[in-house]
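Peer 1: My structure is stored as model11.txt, with compact mmCIF, C-alpha atoms and all ligand atoms.
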```txt
# COMPACT_ATOMS: atom_id res chain seq x y z
CA MET Z 1 0.00 0.00 0.00
CA GLN Z 2 1.27 3.52 -0.89
CA PRO Z 3 1.93 5.71 2.19
CA SER Z 4 -0.64 8.54 2.16
CA GLU Z 5 0.53 11.96 0.94
CA ALA Z 6 1.07 14.54 3.70
CA VAL Z 7 -1.28 17.51 3.80
CA ARG Z 8 0.52 20.64 2.54
CA VAL Z 9 -0.45 23.82 4.33
CA VAL Z 10 0.38 27.31 3.07
CA ILE Z 11 0.65 29.76 5.98
CA VAL Z 12 0.42 33.47 5.14
CA GLY Z 13 2.10 35.66 7.78
CA GLY Z 14 5.24 34.70 9.66
CA SER Z 15 4.77 36.42 13.01
CA VAL Z 16 4.00 34.57 16.25
CA GLY Z 17 0.64 33.24 14.97
CA GLY Z 18 2.04 31.90 11.69
CA LEU Z 19 5.06 30.32 13.38
CA THR Z 20 2.87 28.66 15.99
CA ALA Z 21 0.59 27.30 13.25
CA ALA Z 22 3.65 25.81 11.52
CA HIS Z 23 4.76 24.09 14.73
CA GLU Z 24 1.29 22.77 15.54
CA LEU Z 25 0.61 21.55 12.00
CA ARG Z 26 3.99 19.84 11.78
CA ALA Z 27 3.18 18.07 15.05
CA VAL Z 28 0.09 16.49 13.41
CA GLY Z 29 2.08 15.34 10.36
CA ALA Z 30 1.30 18.18 7.93
CA GLU Z 31 3.92 19.85 5.74
CA ALA Z 32 3.77 23.56 6.50
CA ALA Z 33 5.41 26.45 4.64
CA VAL Z 34 5.34 30.06 5.86
CA TYR Z 35 5.15 33.15 3.61
CA GLU Z 36 5.95 36.49 5.22
CA ARG Z 37 5.53 39.97 3.77
CA SER Z 38 8.58 41.57 5.48
CA ALA Z 39 11.64 41.63 3.28
CA GLY Z 40 14.25 41.59 6.04
CA ARG Z 41 14.21 42.05 9.79
CA MET Z 42 10.68 41.73 11.15
CA GLU Z 43 9.23 44.83 12.76
CA ALA Z 44 8.44 44.20 16.41
CA ARG Z 45 4.75 45.12 16.48
CA GLY Z 46 3.85 44.09 19.97
CA ALA Z 47 6.80 44.83 22.26
CA GLY Z 48 6.17 43.40 25.74
CA ILE Z 49 4.03 40.29 26.15
CA VAL Z 50 2.59 38.92 29.36
CA MET Z 51 3.39 35.19 29.53
CA GLN Z 52 0.18 33.16 29.33
CA PRO Z 53 -0.47 29.40 29.79
CA GLU Z 54 -1.08 28.72 26.03
CA VAL Z 55 2.34 30.16 25.16
CA GLU Z 56 4.03 28.33 28.02
CA ALA Z 57 2.49 25.00 26.92
CA LEU Z 58 3.95 25.24 23.39
CA LEU Z 59 7.36 26.34 24.66
CA VAL Z 60 7.48 23.32 26.98
CA ARG Z 61 6.59 20.99 24.07
CA LEU Z 62 9.43 22.55 22.08
CA GLY Z 63 11.85 21.82 24.94
CA MET Z 64 11.97 25.36 26.41
CA SER Z 65 10.65 26.79 29.63
CA ALA Z 66 8.65 30.01 30.01
CA ARG Z 67 11.28 31.22 32.51
CA ALA Z 68 14.06 30.84 29.91
CA VAL Z 69 12.42 33.55 27.75
CA SER Z 70 10.98 35.83 30.45
CA VAL Z 71 11.85 38.44 33.01
CA ASP Z 72 10.52 37.81 36.54
CA LEU Z 73 8.36 40.41 38.26
CA TRP Z 74 7.39 40.23 41.91
CA GLU Z 75 5.32 43.36 42.54
CA ARG Z 76 2.73 45.73 41.09
CA GLN Z 77 3.01 49.42 41.85
CA GLN Z 78 0.67 52.27 41.12
CA LEU Z 79 2.31 55.63 40.65
CA HIS Z 80 0.52 58.82 41.67
CA LEU Z 81 0.88 62.31 40.24
CA HIS Z 82 2.24 63.49 43.59
CA GLY Z 83 3.28 61.26 46.43
CA ARG Z 84 4.62 57.75 46.94
CA ALA Z 85 3.85 54.64 44.93
CA THR Z 86 1.35 52.08 46.25
CA ARG Z 87 2.69 48.52 46.03
CA TYR Z 88 1.47 44.93 46.40
CA GLU Z 89 2.91 41.50 45.69
CA ALA Z 90 2.00 40.04 42.24
CA PRO Z 91 4.53 37.63 40.68
CA GLN Z 92 4.39 37.47 36.87
CA LEU Z 93 6.56 36.49 33.89
CA MET Z 94 7.09 38.98 31.05
CA THR Z 95 8.49 38.24 27.64
CA ALA Z 96 8.76 40.20 24.39
CA TRP Z 97 7.50 39.76 20.85
CA ASP Z 98 11.00 39.35 19.37
CA THR Z 99 12.11 36.92 22.11
CA LEU Z 100 9.11 34.69 21.35
CA TYR Z 101 9.61 35.13 17.60
CA GLN Z 102 13.25 33.96 17.85
CA ALA Z 103 12.33 31.00 20.07
CA LEU Z 104 9.64 29.85 17.63
CA ARG Z 105 11.64 30.52 14.47
CA GLU Z 106 14.90 28.87 15.58
CA SER Z 107 13.09 25.69 16.61
CA LEU Z 108 11.25 25.46 13.26
CA THR Z 109 14.10 23.73 11.45
CA GLY Z 110 13.47 22.23 8.01
CA VAL Z 111 10.32 24.29 7.37
CA CYS Z 112 10.20 26.73 4.41
CA TYR Z 113 10.00 30.34 5.66
CA ARG Z 114 9.94 32.66 2.66
CA LEU Z 115 10.39 36.40 3.24
CA ASP Z 116 9.35 39.22 0.89
CA SER Z 117 6.16 37.31 0.05
CA VAL Z 118 3.17 39.67 -0.09
CA LEU Z 119 -0.03 37.70 -0.68
CA ARG Z 120 -2.04 39.03 -3.60
CA ARG Z 121 -4.48 36.29 -4.59
CA VAL Z 122 -5.84 32.95 -3.44
CA ARG Z 123 -7.45 30.42 -5.80
CA VAL Z 124 -9.24 27.24 -4.74
CA GLU Z 125 -9.64 24.61 -7.45
CA GLY Z 126 -10.95 21.25 -6.36
CA SER Z 127 -8.84 20.25 -3.38
CA ASP Z 128 -5.90 22.53 -4.26
CA VAL Z 129 -5.28 26.04 -2.96
CA THR Z 130 -2.94 28.30 -4.90
CA ALA Z 131 -1.46 31.41 -3.30
CA GLU Z 132 -0.01 34.10 -5.55
CA PHE Z 133 2.46 36.65 -4.24
CA ALA Z 134 3.35 40.17 -5.40
CA ASP Z 135 6.74 39.09 -6.80
CA GLY Z 136 5.05 36.60 -9.12
CA TYR Z 137 5.88 33.55 -6.99
CA THR Z 138 3.06 31.03 -6.59
CA THR Z 139 2.71 28.04 -4.32
CA GLN Z 140 0.16 25.28 -3.98
CA GLY Z 141 -1.16 23.41 -0.99
CA HIS Z 142 -4.24 21.58 0.25
CA PHE Z 143 -5.14 24.18 2.87
CA LEU Z 144 -4.31 27.84 3.55
CA VAL Z 145 -3.96 29.53 6.95
CA GLY Z 146 -4.28 33.32 7.09
CA ALA Z 147 -2.07 34.49 9.99
CA ASP Z 148 -1.45 37.90 8.45
CA GLY Z 149 -2.61 40.14 11.27
CA ILE Z 150 -5.08 42.99 11.59
CA GLY Z 151 -4.70 44.20 7.98
CA SER Z 152 -5.04 40.61 6.71
CA ALA Z 153 -5.03 40.25 2.93
CA THR Z 154 -6.36 36.71 3.41
CA ARG Z 155 -9.41 38.03 5.26
CA ARG Z 156 -10.07 40.63 2.56
CA LEU Z 157 -10.08 37.84 -0.01
CA LEU Z 158 -12.31 35.54 2.06
CA ASP Z 159 -14.55 38.11 3.71
CA PRO Z 160 -14.34 41.52 1.98
CA ALA Z 161 -17.00 43.08 4.23
CA ALA Z 162 -14.98 42.77 7.48
CA ARG Z 163 -13.14 46.01 8.36
CA PRO Z 164 -11.25 47.04 11.52
CA SER Z 165 -12.63 50.15 13.23
CA TYR Z 166 -10.67 52.64 15.35
CA ALA Z 167 -11.34 52.18 19.07
CA GLY Z 168 -10.84 55.86 19.93
CA TYR Z 169 -7.37 55.65 21.48
CA VAL Z 170 -3.76 54.99 20.58
CA ALA Z 171 -0.85 53.24 22.29
CA TRP Z 172 2.39 55.19 22.42
CA ARG Z 173 5.14 52.72 23.15
CA GLY Z 174 8.79 52.51 24.12
CA LEU Z 175 11.30 49.68 24.32
CA GLU Z 176 14.62 50.95 25.62
CA PRO Z 177 17.82 49.21 26.80
CA GLU Z 178 17.81 49.31 30.60
CA SER Z 179 21.38 50.66 30.44
CA ALA Z 180 20.05 53.84 28.78
CA LEU Z 181 17.91 54.82 31.79
CA PRO Z 182 19.00 56.89 34.81
CA SER Z 183 19.80 54.51 37.70
CA ASP Z 184 17.11 55.82 40.11
CA LEU Z 185 14.40 55.42 37.45
CA LEU Z 186 15.59 51.91 36.58
CA GLU Z 187 15.65 50.93 40.24
CA LEU Z 188 12.03 52.07 40.63
CA LEU Z 189 10.87 50.03 37.59
CA THR Z 190 12.92 46.82 37.99
CA GLY Z 191 10.96 43.75 39.11
CA ARG Z 192 7.68 45.63 39.06
CA PHE Z 193 4.62 46.06 36.88
CA THR Z 194 4.21 49.82 37.19
CA PHE Z 195 1.03 51.64 36.21
CA PHE Z 196 -0.77 54.96 36.30
CA GLY Z 197 -4.22 56.00 35.11
CA SER Z 198 -6.25 59.20 34.89
CA ASP Z 199 -9.10 60.53 32.74
CA GLY Z 200 -8.49 59.49 29.11
CA LEU Z 201 -5.10 57.89 29.64
CA GLN Z 202 -3.36 54.90 31.15
CA MET Z 203 0.32 53.99 31.25
CA LEU Z 204 2.10 50.80 32.22
CA CYS Z 205 5.68 49.60 32.22
CA TYR Z 206 7.73 46.46 32.89
CA LEU Z 207 11.11 44.98 31.99
CA VAL Z 208 11.42 42.36 29.22
CA PRO Z 209 14.35 40.34 27.83
CA GLY Z 210 17.05 42.07 25.75
CA PRO Z 211 17.02 42.10 21.93
CA ASP Z 212 18.70 38.69 21.79
CA GLY Z 213 16.72 37.22 24.67
CA GLU Z 214 19.17 38.42 27.37
CA LEU Z 215 17.83 38.00 30.90
CA THR Z 216 20.82 39.29 32.84
CA GLN Z 217 20.76 42.59 34.66
CA GLY Z 218 22.12 45.40 32.48
CA PHE Z 219 21.04 43.80 29.20
CA ARG Z 220 17.24 43.69 29.47
CA ARG Z 221 14.85 46.30 28.02
CA VAL Z 222 12.27 48.57 29.60
CA ASN Z 223 8.91 48.21 27.85
CA TRP Z 224 6.18 50.78 28.30
CA VAL Z 225 2.75 51.50 26.80
CA TRP Z 226 0.84 54.77 27.17
CA TYR Z 227 -2.79 54.55 26.05
CA MET Z 228 -4.37 57.88 25.24
CA ASN Z 229 -7.70 58.99 23.77
CA VAL Z 230 -7.10 60.72 20.43
CA PRO Z 231 -9.80 61.82 17.94
CA GLU Z 232 -9.88 59.76 14.75
CA ARG Z 233 -9.43 62.84 12.56
CA ASP Z 234 -6.04 63.51 14.22
CA LEU Z 235 -4.67 60.00 13.60
CA ARG Z 236 -3.31 60.82 10.15
CA ARG Z 237 -1.27 63.68 11.52
CA LEU Z 238 0.19 61.50 14.30
CA LEU Z 239 1.02 58.65 11.90
CA ALA Z 240 2.89 61.03 9.54
CA SER Z 241 6.49 59.84 9.31
CA ARG Z 242 9.99 61.28 8.94
CA SER Z 243 10.62 59.05 5.91
CA GLY Z 244 7.35 60.08 4.26
CA LYS Z 245 6.19 56.43 4.15
CA PRO Z 246 2.44 56.09 4.67
CA TYR Z 247 1.56 54.23 7.89
CA THR Z 248 -1.98 53.37 8.97
CA THR Z 249 -1.73 50.77 11.76
CA PHE Z 250 1.78 51.25 13.18
CA LEU Z 251 4.35 54.06 13.34
CA PRO Z 252 7.74 52.34 13.86
CA PRO Z 253 10.57 53.59 16.13
CA GLY Z 254 12.60 56.38 14.52
CA GLU Z 255 9.71 57.53 12.33
CA MET Z 256 7.93 60.03 14.59
CA LEU Z 257 8.00 63.65 13.39
CA PRO Z 258 9.90 66.03 15.72
CA GLU Z 259 6.77 68.17 16.24
CA THR Z 260 4.76 65.10 17.35
CA ALA Z 261 7.58 64.07 19.71
CA ALA Z 262 7.66 67.60 21.21
CA GLU Z 263 3.87 67.63 21.72
CA LEU Z 264 4.03 64.17 23.30
CA ALA Z 265 6.81 65.18 25.69
CA ALA Z 266 4.86 68.30 26.75
CA THR Z 267 1.72 66.17 27.30
CA ALA Z 268 3.80 63.73 29.37
CA ASP Z 269 5.12 66.54 31.60
CA ALA Z 270 1.61 67.91 32.10
CA SER Z 271 -0.30 64.67 32.74
CA LEU Z 272 1.99 61.87 33.96
CA PRO Z 273 3.84 61.23 37.23
CA PRO Z 274 7.38 62.68 36.85
CA GLN Z 275 9.00 59.22 36.61
CA PHE Z 276 6.81 58.22 33.65
CA ALA Z 277 7.31 61.63 31.98
CA GLN Z 278 11.07 61.08 32.29
CA LEU Z 279 10.72 57.62 30.74
CA VAL Z 280 8.83 59.04 27.74
CA ARG Z 281 11.52 61.68 27.26
CA CYS Z 282 14.29 58.98 27.32
CA SER Z 283 12.60 56.84 24.64
CA ASP Z 284 12.47 56.44 20.88
CA VAL Z 285 8.66 56.36 20.88
CA PHE Z 286 6.58 54.35 18.41
CA MET Z 287 2.81 54.18 18.08
CA GLN Z 288 -0.09 51.84 17.38
CA PRO Z 289 -3.70 52.98 17.14
CA VAL Z 290 -6.01 50.45 18.80
CA PHE Z 291 -8.55 48.83 16.47
CA ASP Z 292 -11.52 46.51 16.89
CA LEU Z 293 -12.23 43.85 14.33
CA ALA Z 294 -15.57 42.23 15.06
CA PRO Z 295 -15.34 38.43 14.97
CA HIS Z 296 -17.27 37.14 12.01
CA ARG Z 297 -15.98 33.97 10.41
CA MET Z 298 -12.77 31.98 10.58
CA VAL Z 299 -13.30 29.17 8.05
CA ALA Z 300 -13.80 29.28 4.28
CA ASP Z 301 -13.31 26.66 1.58
CA HIS Z 302 -9.86 25.08 2.23
CA ALA Z 303 -8.78 28.08 4.31
CA ALA Z 304 -8.92 29.42 7.87
CA LEU Z 305 -7.99 32.62 9.71
CA ILE Z 306 -6.15 32.70 13.02
CA GLY Z 307 -4.80 35.33 15.45
CA ASP Z 308 -5.40 39.01 14.71
CA ALA Z 309 -6.46 38.15 11.13
CA ALA Z 310 -9.55 36.47 12.60
CA GLY Z 311 -10.37 39.25 15.05
CA THR Z 312 -8.57 41.52 17.48
CA VAL Z 313 -8.87 41.85 21.21
CA ARG Z 314 -8.06 45.02 23.11
CA PRO Z 315 -4.51 44.90 24.47
CA HIS Z 316 -5.69 45.24 28.13
CA THR Z 317 -6.57 41.54 28.19
CA ALA Z 318 -2.86 40.79 27.42
CA SER Z 319 -4.06 37.81 25.45
CA GLY Z 320 -3.73 38.60 21.71
CA THR Z 321 -0.71 36.32 21.44
CA SER Z 322 -2.10 33.49 23.54
CA LYS Z 323 -5.33 33.64 21.50
CA ALA Z 324 -3.31 33.19 18.28
CA PHE Z 325 -1.49 30.23 19.90
CA ALA Z 326 -4.73 28.54 20.93
CA ASP Z 327 -6.34 29.21 17.51
CA ALA Z 328 -3.37 27.45 15.87
CA ALA Z 329 -3.38 24.49 18.26
CA GLY Z 330 -7.12 23.91 17.77
CA LEU Z 331 -6.90 24.24 13.99
CA ALA Z 332 -4.08 21.68 13.83
CA ALA Z 333 -6.14 19.30 15.98
CA ALA Z 334 -9.12 19.74 13.61
CA LEU Z 335 -6.96 18.98 10.57
CA GLY Z 336 -5.05 16.12 12.24
CA GLY Z 337 -5.60 12.74 10.55
CA TRP Z 338 -6.96 14.34 7.36
CA THR Z 339 -5.21 13.23 4.15
CA PRO Z 340 -5.46 15.09 0.82
CA GLY Z 341 -7.42 12.33 -0.92
CA GLN Z 342 -10.26 12.61 1.63
CA ASP Z 343 -13.02 15.20 1.97
CA LEU Z 344 -12.13 18.14 4.22
CA PRO Z 345 -13.02 17.49 7.90
CA THR Z 346 -15.70 20.19 7.69
CA GLY Z 347 -17.49 19.09 10.87
CA ARG Z 348 -14.32 19.37 12.96
CA LEU Z 349 -13.46 22.71 11.34
CA ALA Z 350 -16.97 24.03 12.08
CA ASP Z 351 -16.63 22.92 15.74
CA TRP Z 352 -13.24 24.65 15.95
CA GLU Z 353 -14.65 27.85 14.44
CA ARG Z 354 -17.66 27.86 16.82
CA GLU Z 355 -15.48 27.35 19.89
CA ARG Z 356 -12.88 29.96 18.87
CA LEU Z 357 -15.50 32.57 17.91
CA LEU Z 358 -17.20 32.18 21.30
CA HIS Z 359 -13.83 32.66 22.99
CA LEU Z 360 -13.03 35.66 20.78
CA VAL Z 361 -16.37 37.34 21.50
CA ALA Z 362 -15.89 36.85 25.26
CA LEU Z 363 -12.32 38.21 25.11
CA SER Z 364 -13.37 41.18 22.97
CA ARG Z 365 -16.11 42.09 25.45
CA ALA Z 366 -13.75 41.71 28.42
CA GLY Z 367 -11.21 43.98 26.67
CA ILE Z 368 -13.80 46.66 25.92
CA ASP Z 369 -15.03 46.54 29.54
CA LEU Z 370 -11.48 47.00 30.82
CA ALA Z 371 -10.93 49.94 28.45
CA ASN Z 372 -14.26 51.55 29.44
CA ARG Z 373 -13.38 51.28 33.13
CA SER Z 374 -10.14 53.16 32.38
CA SER Z 375 -12.05 55.79 30.33
CA LEU Z 376 -10.30 54.70 27.12
CA GLY Z 377 -12.32 55.04 23.93
CA THR Z 378 -15.35 56.38 25.82
CA ALA Z 379 -17.17 59.39 24.37
CA ASP Z 380 -17.33 61.52 27.54
CA SER Z 381 -13.69 61.22 28.59
CA ARG Z 382 -10.73 63.52 28.03
CA ARG Z 383 -9.04 63.52 24.62
CA PHE Z 384 -5.53 64.58 23.68
CA PHE Z 385 -3.86 65.90 20.52
CA VAL Z 386 -7.11 67.56 19.48
CA SER Z 387 -6.37 69.85 16.54
CA ALA Z 388 -8.10 73.21 16.24
C1 LIG Z 401 -0.71 48.28 21.89
C2 LIG Z 401 -0.77 46.79 21.83
C3 LIG Z 401 -0.28 46.05 22.90
C4 LIG Z 401 -0.32 44.66 22.88
N1 LIG Z 401 0.12 43.96 23.97
C5 LIG Z 401 0.02 42.62 23.99
C6 LIG Z 401 0.40 41.85 25.14
O1 LIG Z 401 0.87 42.35 26.15
N2 LIG Z 401 0.22 40.52 25.10
C7 LIG Z 401 -0.29 39.91 23.99
O2 LIG Z 401 -0.42 38.69 24.00
N3 LIG Z 401 -0.65 40.60 22.89
C8 LIG Z 401 -0.53 41.93 22.87
N4 LIG Z 401 -0.93 42.62 21.77
C9 LIG Z 401 -1.53 41.88 20.64
C10 LIG Z 401 -0.49 41.16 19.83
O3 LIG Z 401 0.49 42.06 19.32
C11 LIG Z 401 -1.18 40.45 18.65
O4 LIG Z 401 -2.39 39.86 19.09
C12 LIG Z 401 -0.32 39.34 18.10
O5 LIG Z 401 0.90 39.87 17.63
C13 LIG Z 401 -1.05 38.63 16.93
O6 LIG Z 401 -0.19 37.85 16.23
P1 LIG Z 401 -0.51 37.46 14.72
O7 LIG Z 401 0.60 36.51 14.31
O8 LIG Z 401 -1.93 37.01 14.59
O9 LIG Z 401 -0.42 38.81 13.88
P2 LIG Z 401 0.79 39.80 13.67
O10 LIG Z 401 1.79 39.72 14.77
O11 LIG Z 401 0.21 41.13 13.33
O12 LIG Z 401 1.51 39.23 12.35
C14 LIG Z 401 0.97 39.26 11.07
C15 LIG Z 401 2.12 38.96 10.09
O13 LIG Z 401 1.59 38.84 8.76
C16 LIG Z 401 2.42 39.56 7.88
N5 LIG Z 401 1.60 39.97 6.74
C17 LIG Z 401 0.66 40.94 6.69
N6 LIG Z 401 0.10 41.03 5.48
C18 LIG Z 401 0.68 40.09 4.72
C19 LIG Z 401 0.54 39.69 3.36
N7 LIG Z 401 -0.34 40.32 2.50
N8 LIG Z 401 1.29 38.66 2.88
C20 LIG Z 401 2.19 38.03 3.71
N9 LIG Z 401 2.37 38.38 5.02
C21 LIG Z 401 1.63 39.40 5.52
C22 LIG Z 401 2.95 40.73 8.70
O14 LIG Z 401 4.15 41.26 8.15
C23 LIG Z 401 3.18 40.07 10.07
O15 LIG Z 401 4.44 39.49 10.20
C24 LIG Z 401 -0.88 44.00 21.76
C25 LIG Z 401 -1.35 44.73 20.65
C26 LIG Z 401 -1.31 46.11 20.69
C27 LIG Z 401 -1.87 46.91 19.53
```
Is it possible to express this structure as C-alpha cells?
Ligand SMILES: Cc1cc2nc3c(=O)[nH]c(=O)nc-3n(C[C@H](O)[C@H](O)[C@H](O)COP(=O)(O)OP(=O)(O)OC[C@H]3O[C@@H](n4cnc5c(N)ncnc54)[C@H](O)[C@@H]3O)c2cc1C

Peer 2:
Amino acid sequence: MQPSEAVRVVIVGGSVGGLTAAHELRAVGAEAAVYERSAGRMEARGAGIVMQPEVEALLVRLGMSARAVSVDLWERQQLHLHGRATRYEAPQLMTAWDTLYQALRESLTGVCYRLDSVLRRVRVEGSDVTAEFADGYTTQGHFLVGADGIGSATRRLLDPAARPSYAGYVAWRGLEPESALPSDLLELLTGRFTFFGSDGLQMLCYLVPGPDGELTQGFRRVNWVWYMNVPERDLRRLLASRSGKPYTTFLPPGEMLPETAAELAATADASLPPQFAQLVRCSDVFMQPVFDLAPHRMVADHAALIGDAAGTVRPHTASGTSKAFADAAGLAAALGGWTPGQDLPTGRLADWERERLLHLVALSRAGIDLANRSSLGTADSRRFFVSA
C-alpha cells in the first residue's frame, strides 16, 4: 500500500501566529510552509508580552521553559501624580515579541520560511489552494492559513466586508535598553509592573528580555505602553512619518515627526507622574492605534484565519498572542488525521470555528469593559492631541 501523501499547508504571515501554526501543523504530520511579507528584519509590532499558559504549553513541548524567555516580576506598583507609589505582591513572567519570535523561528528547522512574500491572490480549485504573491511567486497546498494580522489580505479575499474600526485611542510605546535609563528610574521600575491612570489615559511599564533574549541585569529592556484617547481625525497627523512612508496601523521607532515628539513630551510633563514623563523623554517612541475587528468567520473553503487576522482583542486583556497560539493548536487538531485524498473534515473545522469565535467574542467584550473602566475610547472622557 502507498503511504498517504502529507497535507501541505500554506501559511500566510510569519509572526507569532504563523510560526505557531507551523509548529502545531507539523506536530500532526502536515507539511507547512510560511510566507511572510517583510523583506528583512521583522518589525516588532507588539513589544512586551505577558506570559500566558497557552504560550508556556507550546514552549514546553518545544523543549523550552517560560522562565528561559521571560523576566521575573514580583510586585505591582501604582504611581501617583504626587506622592509615593502604592505597592502589592503580584509575581508574573514577562516576555517580548522578538524573544518569542526567535524561540519559535529557531526551533522550526526544516520548514520553508519565505520572506518578501506579499499575498495578492488565493485560488481554490478542487482540493488545491494556490497562493499568488506580489513578486510573481506562486505556491500550492491543500489548505491555507491566514495568519497575516489585523490588515489581513487573506481576510479581505475571504470576507471583503470585514473592516477594523478605530477604538478611539492609541498606544504610544517605548522599548529601551535598561542601560540607557538613569539609575534611580531603573531601580524604581525593575521587578515591578508599574502603572498609572487618569481621565483618558493609562500607562504601564515592565522589563522584558534584551534584543537577543538576554535575561541578565544590564542587558534587558524597559517596555512601556501609554494609552491615550485621540480623535480619529487627528490620527493621520500622528502617523505622519519622517521618511514620508504612509503608515496606517503602526508608526515604527525612529519615524515620529519632531513636532509630534515635542507635543508628546509636553503632554507627558503635564499629565503623567514625573517618573513616567522622564521615561517618555528617554525613549524612541513608536505608536499603534487600537482597532476593533468584530469576529465574524474563521473558516472558508480550504482556508482558515487565526490570530489578529480572525479578530482583534483590546490589548488590556494581554491575550492577543495566547489567542493566536490557541487558535493554531485547535486548527491543527481539527486537521489532524486528514489526508489530501479525503473530503475536508468540515465538521471538525466548524466545531473549531464555533469554539474559537465564542472565545473571541468573550475576550473582545472583556477587553472593551477594561478599556471603558479606564475611560479609554469612551465618548465623555478627556481627549488629547485635538487639533483646532
Ligand atoms: C498596543 C498593543 C499592545 C499589545 N500587547 C500585547 C500583550 O501584552 N500581550 C499579547 O499577548 N498581545 C498583545 N498585543 C496583541 C499582539 O500584538 C497580537 O495579538 C499578536 O501579535 C497577533 O499575532 P498574529 O501573528 O496574529 O499577527 P501579527 O503579529 O500582526 O503578524 C501578522 C504577520 O503577517 C504579515 N503579513 C501581513 N500582510 C501580509 C501579506 N499580504 N502577505 C504576507 N504576510 C503578511 C505581517 O508582516 C506580520 O508578520 C498587543 C497589541 C497592541 C496593539

Peer 1: Counting all atoms listed in the file, which residues in range 12-124 of chain Z sit no more than 9 Å from range 271-288 of chain Z? For each one, give the nearest pair of atoms and the distance in Å, sorted by chain then residue number, as a Markdown table.

Peer 2:
```
| residue | atom | partner | partner_atom | distance |
| --- | --- | --- | --- | --- |
| Z:Arg45 | CA | Z:Gln288 | CA | 8.3 |
| Z:Leu79 | CA | Z:Pro273 | CA | 6.7 |
| Z:His80 | CA | Z:Pro273 | CA | 6.0 |
| Z:Leu81 | CA | Z:Pro273 | CA | 4.4 |
| Z:His82 | CA | Z:Pro273 | CA | 6.9 |
```

Peer 1: Go through Z:Ala103, Z:Ala96, Z:Leu331, Z:Val71 one by one, measure the shortest atom-to-atom distance of each to ligand LIG 401 (chain Z) using all atoms listed in the file, and give the residue with the smallest value.

Peer 2: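 That would be Z:Ala96, the residue with the smallest distance to ligand LIG 401 (chain Z).
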
Peer 1: Just how far from CA of Met203 in chain Z is atom C27 of ligand LIG 401 (chain Z), in Å to one decimal?

Peer 2: 13.9 Å

Peer 1: At what distance in Å, to one decimal, does CA of Ala366 in chain Z lie from CA of Thr321 in chain Z?

Peer 2: 15.7 Å

Peer 1: Write out as CSV a residue-level contact list of chain Z versus ligand LIG 401 (chain Z) with cut-off 6 Å: for each qualifying residue the closest pair of atoms and the distance in Å to one decimal, counting only C-alpha atoms and all ligand atoms, rows sorted by chain and residue number upward.

Peer 2:
```
residue,atom,partner,partner_atom,distance
Z:Val12,CA,Z:LIG401,C20,5.1
Z:Gly13,CA,Z:LIG401,O13,3.4
Z:Gly14,CA,Z:LIG401,O15,4.9
Z:Ser15,CA,Z:LIG401,O15,4.2
Z:Val16,CA,Z:LIG401,O7,4.4
Z:Gly17,CA,Z:LIG401,O7,3.3
Z:Gly18,CA,Z:LIG401,O7,5.5
Z:Tyr35,CA,Z:LIG401,C20,5.7
Z:Glu36,CA,Z:LIG401,N9,4.1
Z:Arg37,CA,Z:LIG401,N9,3.8
Z:Ser38,CA,Z:LIG401,O14,5.2
Z:Arg45,CA,Z:LIG401,O3,6.0
Z:Gly46,CA,Z:LIG401,O3,4.0
Z:Gly48,CA,Z:LIG401,O1,5.4
Z:Ile49,CA,Z:LIG401,O1,3.8
Z:Val50,CA,Z:LIG401,O1,5.0
Z:Ser117,CA,Z:LIG401,C20,5.4
Z:Val118,CA,Z:LIG401,N8,3.7
Z:Leu119,CA,Z:LIG401,N8,3.9
Z:Ala147,CA,Z:LIG401,O8,5.2
Z:Asp148,CA,Z:LIG401,O13,3.2
Z:Gly149,CA,Z:LIG401,O11,3.6
Z:Ile150,CA,Z:LIG401,O11,5.9
Z:Ser152,CA,Z:LIG401,N6,5.3
Z:Ala153,CA,Z:LIG401,N7,4.7
Z:Ala171,CA,Z:LIG401,C1,5.0
Z:Gln288,CA,Z:LIG401,C27,5.7
Z:Val290,CA,Z:LIG401,C27,5.5
Z:Gly307,CA,Z:LIG401,O8,3.4
Z:Asp308,CA,Z:LIG401,O8,4.0
Z:Ala309,CA,Z:LIG401,O8,5.8
Z:Pro315,CA,Z:LIG401,C4,4.5
Z:Ala318,CA,Z:LIG401,N2,3.9
Z:Ser319,CA,Z:LIG401,O2,4.0
Z:Gly320,CA,Z:LIG401,O4,3.2
Z:Thr321,CA,Z:LIG401,O2,3.5
Z:Ser322,CA,Z:LIG401,O2,5.5
Z:Ala324,CA,Z:LIG401,O8,5.5
```

Peer 1: Is there a way to get, as a ChimeraX atom specification, all residues within 12 Å of the point (11.5, 37.3, 21.3) in file coordinates, counting all atoms listed in the file?

Peer 2: /Z:15-16,42-49,51,66,68-71,94-106,208-215,220-221

Peer 1: Taking all atoms listed in the file into account, which of Z:Val230, Z:Ile11, Z:Ala304, Z:Val60 comes nearest Val386 in chain Z?

Peer 2: Z:Val230

Peer 1: So which residues touch Thr248 in chain Z within 12 Å, counting all atoms listed in the file, skipping near sequence neighbours fewer than 6 positions away, as number ranges by chain?

Peer 2: Z: 150-151, 164-166, 170, 232, 235-241, 287-291

Peer 1: Enter the distance from CA of Ala6 in chain Z to CA of Asp343 in chain Z, in Å, rounded to one decimal.

Peer 2: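 So the two atoms, CA of Ala6 in chain Z and CA of Asp343 in chain Z, lie 14.2 Å apart.
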